[in-house]
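**Q** Just passing along the structure, written as structure tokens.
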Amino acid sequence: MKMVLSGFGGQGMLLAGQLLAYAGMLEGLNVTWLPSYGPEMRGGSANCSVIISKEMVGSPTIPTPDVVVAMNQPSFDSFINKVKPGGLFIYNKTLVTTVTTRDDITMIALDATQIAADLDNLRVANMVSLGTLIKHTGIVKPESVLKALAIKFGEDKKHLLEINEKAIAKGAEVA
Amino acid sequence: MNRELMKGNEAIAEAAIKCGCRYFFGYPITPQNEIPEYMSLRMPQVGGAFVQAESEVAAINMVYGAAGCGARVITSSSGPGMSLKMEGISYIAGAELPCVIVNIMRAGPGLGGIQPSQSDYFQTVKGGGHGDYNTPVLAPSNLQEAVDFTQLAFDIAEKYRTPVIILGDGLLGQMMEPVVIEEKKPLDIDRSWASTGWDGKSRKPARINSLNLNTEDLDAHNAKLQAKYKTIKENEVRYKEYKTEDAEILVVAYGTSGRISYSAVDEAREAGVKVGVFCPLTLWPFPEKQLFEAAKGKKAVVVVEMSAGQMLEDVKLNVPHDVPVHFFGKPGGSVPSSEAIAAEIKRIKEVC
């Protein structure tokens with residue numbers, strides 16, 4: 001499965017993609033994670049391409065994704081026409097105000113930033129979207145993502161695990 | 001062994017540390033900055049030294065010094081920085097010292113850009129610096145190879161007393177993939193040539209130098225170097241093949257364009273084209289005989305590179321004369337998609 005996670009720099013989509021890839025690795029699958037990189041800064045756009053597969057992964061680049069998470073308007077505009085027919089497009093409706101629809105893909109309007117605000121932590125909007133993604137794709141088990149989160153955060157950020165886990169669970173509730 | 005999810009740059013750095021490298025000298029440049037960043041954290045933890053030099057020229061000369069003392073030492077850079085290191089690499093090759101140099105290529109020429117490229121092939125494989133020397137060049141196409149080749153590079157460097165270059169690109173440096181990095185002990189070989197302090201008795205003084213003003217001596221030194229390069233060509237050729245057994249068309253590609261060509265081959269085969277990949281893993285020595293054998297009887301060879309066509313020349317020199325050689329690629333930092341390569345393979349199938 002080929003997935004692109006995209007948003008503003010600072011929204012944590014690169015981290016969300018890393019956790020997804022890490023979870024895939026923990027399940028014994030082949031994974032690649034590739035960030036967009038350029039002379040960019042906080043507030044600029046940032047995306048990553050994640051491939052999780054039973055087969056060997058050749059190309060880590062994804063011109064036509066199966067799944068896209070778009071956390072802001074520029075991401076929505078960049079990727080709405082790139083998703084494969086039959087694919088899944090999750091977008092952050094709190095920040096995406098101009099929506100063009102496609103009837104050959106599944107579109108999920110996720111109130112990610114609002115849900116994060118309701119959890120009193122705007123920074124976990126990325127985890128909300130990750131929860132929605134794994135729920136709707138079934139690409140990895142939620143337990144694997146939580147395990148990846150614990151490994152990635154380590155002892156230093158242990159206190160942040162609970163809020164992130166909550167955000168992932170909230171995202172998974174969105175139908 | 002546990003698999004870890006690491007960036008290519010970090011995996012190369014950790015692989016070096018796990019095989020006993022304790023000295024890093026470098027100067028920052030994108031897209032390889034995670035190597036010095038990671039080294040600055042890890043070297044102090046393992047009792048090693050991390051030095052951010054004032055320039056690439058200084059860094060490579062620090063490498064020269066450490067290598068002269070017999071230390072396992074590494075430096076890393078990208079295109080513009082590699083150009084600055086070339087003088088030092090020629091000196092190190094002339095003085096016959098072992099070291100490992102990593103080039104995570106970006107698009108040129110000049111300062112160019114920071115996106116992935118393979119346009120330093122000529123510089124890396126054909127010399128780069130002055131004089132009759134070669135450096136073994138290892139070109140990983142995935143991150144496990146990046147780990148394994150980093151550790152192998154130190155062994156080759158010490159076995160033959162030569163600088164060895166790891167040639168990657170921005171995509172391999174920035175991407176993450178699972179890797180297993182094992183501890184590896186340095187080879188048990190004679191290191192009495194190293195300048196480690198002289199007691200005046202137990203051996204001759206170590207002489208680390210690349211200057212030789214006596215023509216007869218320099219002739220002899222060059223002959224010795226050429227004999228060494230011949231041995232390396234005989235022993236250190238590496239390559240891999242993918243779905244070549246029944247292939248009518250052969251893609252030749254290394255590194256990032258090699259791995260993307262694997263996907264392109266799968267896509268083209270779904271459309272009924274019998275195609276395979278020949279992926280050189282050492283660019284010097286180039287797998288000359290092996291490519292000749294692999295290309296024999298093929299309807300066409302397609303070279304895929306993120307450059308204007310550099311390895312292309314080595315491929316043309318080493319395939320049978322009756323096999324047409326096509327080129328697909330471009331310079332400037334674009335990474336070809338597997339779909340674009342597959343479309344080119346299908347187009348060539350139609351014309352051959």
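A note on labels: chains of the structure tokens are A, B, ... as shown, every chain counts residues from 1, and ligands are counted from 1 in their shown order.
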Give as a PyMOL selection string every residue of chain B that touches chain A within 12 Å, counting only C-alpha atoms.

**A** chain B and resi 2-8+30-32+106+113-116+141-143+170-179+242+255-267+277+333-341

**Q** Would you save the residues from that selection as a PDB file, in the first residue's frame, using C-alpha atoms?

**A**
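The resulting file, selection-v7.pdb, is reproduced below:
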ATOM      1  CA  ASN B   2      16.605  -6.572  15.554  1.00  0.00           C
ATOM      2  CA  ARG B   3      15.653  -4.553  12.518  1.00  0.00           C
ATOM      3  CA  GLU B   4      15.806  -0.815  13.069  1.00  0.00           C
ATOM      4  CA  LEU B   5      14.072   1.846  10.994  1.00  0.00           C
ATOM      5  CA  MET B   6      16.759   4.377  10.087  1.00  0.00           C
ATOM      6  CA  LYS B   7      17.530   7.114   7.611  1.00  0.00           C
ATOM      7  CA  GLY B   8      20.204   6.152   5.105  1.00  0.00           C
ATOM      8  CA  THR B  30      22.681  18.939   2.320  1.00  0.00           C
ATOM      9  CA  PRO B  31      21.574  16.166   1.677  1.00  0.00           C
ATOM     10  CA  GLN B  32      24.119  14.340   3.866  1.00  0.00           C
ATOM     11  CA  ARG B 106      22.987  16.166  -5.196  1.00  0.00           C
ATOM     12  CA  GLY B 113      20.581  22.010  -5.971  1.00  0.00           C
ATOM     13  CA  ILE B 114      19.910  19.703  -3.042  1.00  0.00           C
ATOM     14  CA  GLN B 115      17.709  17.122  -4.764  1.00  0.00           C
ATOM     15  CA  PRO B 116      18.991  13.569  -5.466  1.00  0.00           C
ATOM     16  CA  SER B 141      20.747   0.624  -3.881  1.00  0.00           C
ATOM     17  CA  ASN B 142      19.000   0.068  -0.556  1.00  0.00           C
ATOM     18  CA  LEU B 143      19.774   0.848   3.072  1.00  0.00           C
ATOM     19  CA  GLY B 170      19.943  12.342  -1.597  1.00  0.00           C
ATOM     20  CA  LEU B 171      17.110   9.862  -1.843  1.00  0.00           C
ATOM     21  CA  LEU B 172      19.086   7.038  -0.207  1.00  0.00           C
ATOM     22  CA  GLY B 173      20.410   9.467   2.407  1.00  0.00           C
ATOM     23  CA  GLN B 174      17.001  10.843   3.340  1.00  0.00           C
ATOM     24  CA  MET B 175      14.785   7.778   3.116  1.00  0.00           C
ATOM     25  CA  MET B 176      14.151   5.286   5.911  1.00  0.00           C
ATOM     26  CA  GLU B 177      14.156   1.527   5.587  1.00  0.00           C
ATOM     27  CA  PRO B 178      14.637  -1.315   8.073  1.00  0.00           C
ATOM     28  CA  VAL B 179      18.290  -2.254   8.603  1.00  0.00           C
ATOM     29  CA  TYR B 242      16.981  -9.130 -11.236  1.00  0.00           C
ATOM     30  CA  GLY B 255      21.790   2.991  -6.692  1.00  0.00           C
ATOM     31  CA  THR B 256      18.445   4.759  -6.571  1.00  0.00           C
ATOM     32  CA  SER B 257      17.738   4.346 -10.287  1.00  0.00           C
ATOM     33  CA  GLY B 258      18.642   0.667  -9.849  1.00  0.00           C
ATOM     34  CA  ARG B 259      16.038   0.081  -7.158  1.00  0.00           C
ATOM     35  CA  ILE B 260      13.398   2.069  -9.042  1.00  0.00           C
ATOM     36  CA  SER B 261      14.189  -0.017 -12.143  1.00  0.00           C
ATOM     37  CA  TYR B 262      13.271  -3.143 -10.166  1.00  0.00           C
ATOM     38  CA  SER B 263       9.726  -1.740  -9.838  1.00  0.00           C
ATOM     39  CA  ALA B 264       9.727  -0.671 -13.485  1.00  0.00           C
ATOM     40  CA  VAL B 265      10.695  -4.197 -14.549  1.00  0.00           C
ATOM     41  CA  ASP B 266       7.792  -5.662 -12.558  1.00  0.00           C
ATOM     42  CA  GLU B 267       5.400  -3.175 -14.187  1.00  0.00           C
ATOM     43  CA  VAL B 277      17.952  -5.370 -14.364  1.00  0.00           C
ATOM     44  CA  GLY B 333      17.585  16.506  -9.419  1.00  0.00           C
ATOM     45  CA  SER B 334      14.578  14.693 -10.875  1.00  0.00           C
ATOM     46  CA  VAL B 335      14.003  11.129  -9.690  1.00  0.00           C
ATOM     47  CA  PRO B 336      12.457   9.037 -12.487  1.00  0.00           C
ATOM     48  CA  SER B 337       9.235   7.221 -11.589  1.00  0.00           C
ATOM     49  CA  SER B 338       8.988   3.479 -12.153  1.00  0.00           C
ATOM     50  CA  GLU B 339       6.026   4.240 -14.444  1.00  0.00           C
ATOM     51  CA  ALA B 340       8.182   6.483 -16.656  1.00  0.00           C
ATOM     52  CA  ILE B 341      10.960   3.874 -16.855  1.00  0.00           C
TER      53      ILE B 341
END

**Q** For the alpha helix (DSSP H) assignment from backbone DSSP, which residues of chain A qualify? Please present them as a PyMOL selection string.

**A** chain A and resi 13-26+73-79+112-118+125-137+142-153+161-173

**Q** Would you mind listing what lies within 9 Å of Thr94 (chain A) as JSON, numbers by chain, with only C-alpha atoms counted and same-chain residues fewer than 5 positions away left out?

**A** {"A": [71, 72, 109, 110, 111, 112, 113, 114]}

**Q** What does the file look like for those residues with N, CA and C atoms, as a JSON list (two decimals), in the first residue's frame?

**A**
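Writing the result to part15.json gives the following:
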[["chain", "number", "residue", "atom", "x", "y", "z"],
["A", 71, "MET", "N", -3.47, 17.44, 5.48],
["A", 71, "MET", "CA", -3.79, 18.15, 6.73],
["A", 71, "MET", "C", -4.01, 19.65, 6.53],
["A", 72, "ASN", "N", -3.78, 20.15, 5.32],
["A", 72, "ASN", "CA", -4.03, 21.58, 5.07],
["A", 72, "ASN", "C", -4.45, 21.78, 3.62],
["A", 109, "ALA", "N", -13.85, 13.41, 5.53],
["A", 109, "ALA", "CA", -13.62, 14.74, 6.10],
["A", 109, "ALA", "C", -13.41, 14.57, 7.60],
["A", 110, "LEU", "N", -12.17, 14.78, 8.02],
["A", 110, "LEU", "CA", -11.82, 14.52, 9.42],
["A", 110, "LEU", "C", -11.58, 15.86, 10.11],
["A", 111, "ASP", "N", -12.27, 16.07, 11.24],
["A", 111, "ASP", "CA", -12.11, 17.34, 11.95],
["A", 111, "ASP", "C", -10.86, 17.25, 12.85],
["A", 112, "ALA", "N", -9.72, 16.99, 12.23],
["A", 112, "ALA", "CA", -8.53, 16.59, 12.99],
["A", 112, "ALA", "C", -8.05, 17.65, 13.97],
["A", 113, "THR", "N", -7.93, 18.88, 13.49],
["A", 113, "THR", "CA", -7.42, 19.93, 14.37],
["A", 113, "THR", "C", -8.42, 20.22, 15.49],
["A", 114, "GLN", "N", -9.72, 20.16, 15.17],
["A", 114, "GLN", "CA", -10.75, 20.39, 16.19],
["A", 114, "GLN", "C", -10.73, 19.27, 17.25]]

**Q** Can you list, as a list in words, every protein, DNA or RNA residue that comes within 12 Å of Gly110 (chain B) when you count only C-alpha atoms, leaving out same-chain residues fewer than 4 positions away?

**A**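 The neighbour list is Ser78, Gly79, Pro80, Gly81, Met82, Ser83, Leu84, Arg106, Ile114, Ser119, Asp120 and Gly332 of chain B.
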
**Q** Between CA of Gly7 (chain A) and CA of Ser75 (chain A), what is the spacing in Å?

**A** 5.9 Å

**Q** Just the number, please: distance in Å from CA of Asn47 (chain A) to CA of Val67 (chain A), one decimal.

**A**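 CA of Asn47 (chain A) sits 12.9 Å away from CA of Val67 (chain A).
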
**Q** Name all residues at most 12 Å from Glu182 (chain B) (count only C-alpha atoms; drop same-chain ones fewer than 5 positions away) and give them as a VMD selection string.

**A** chain B and resid 1 to 4 11 14 to 20 144 147 to 148 150 to 151

**Q** Identify, on the basis of only C-alpha atoms, every residue whose closest approach to region 118-126 of chain A does not exceed 7 Å; exclude the query and any residue fewer than 4 positions from it along the same chain; express the result as a list in words.

**A** Gln11, Gly12, Met13, Ala16, Ala112, Thr113, Gln114, Leu130, Asn164 and Ala167 of chain A
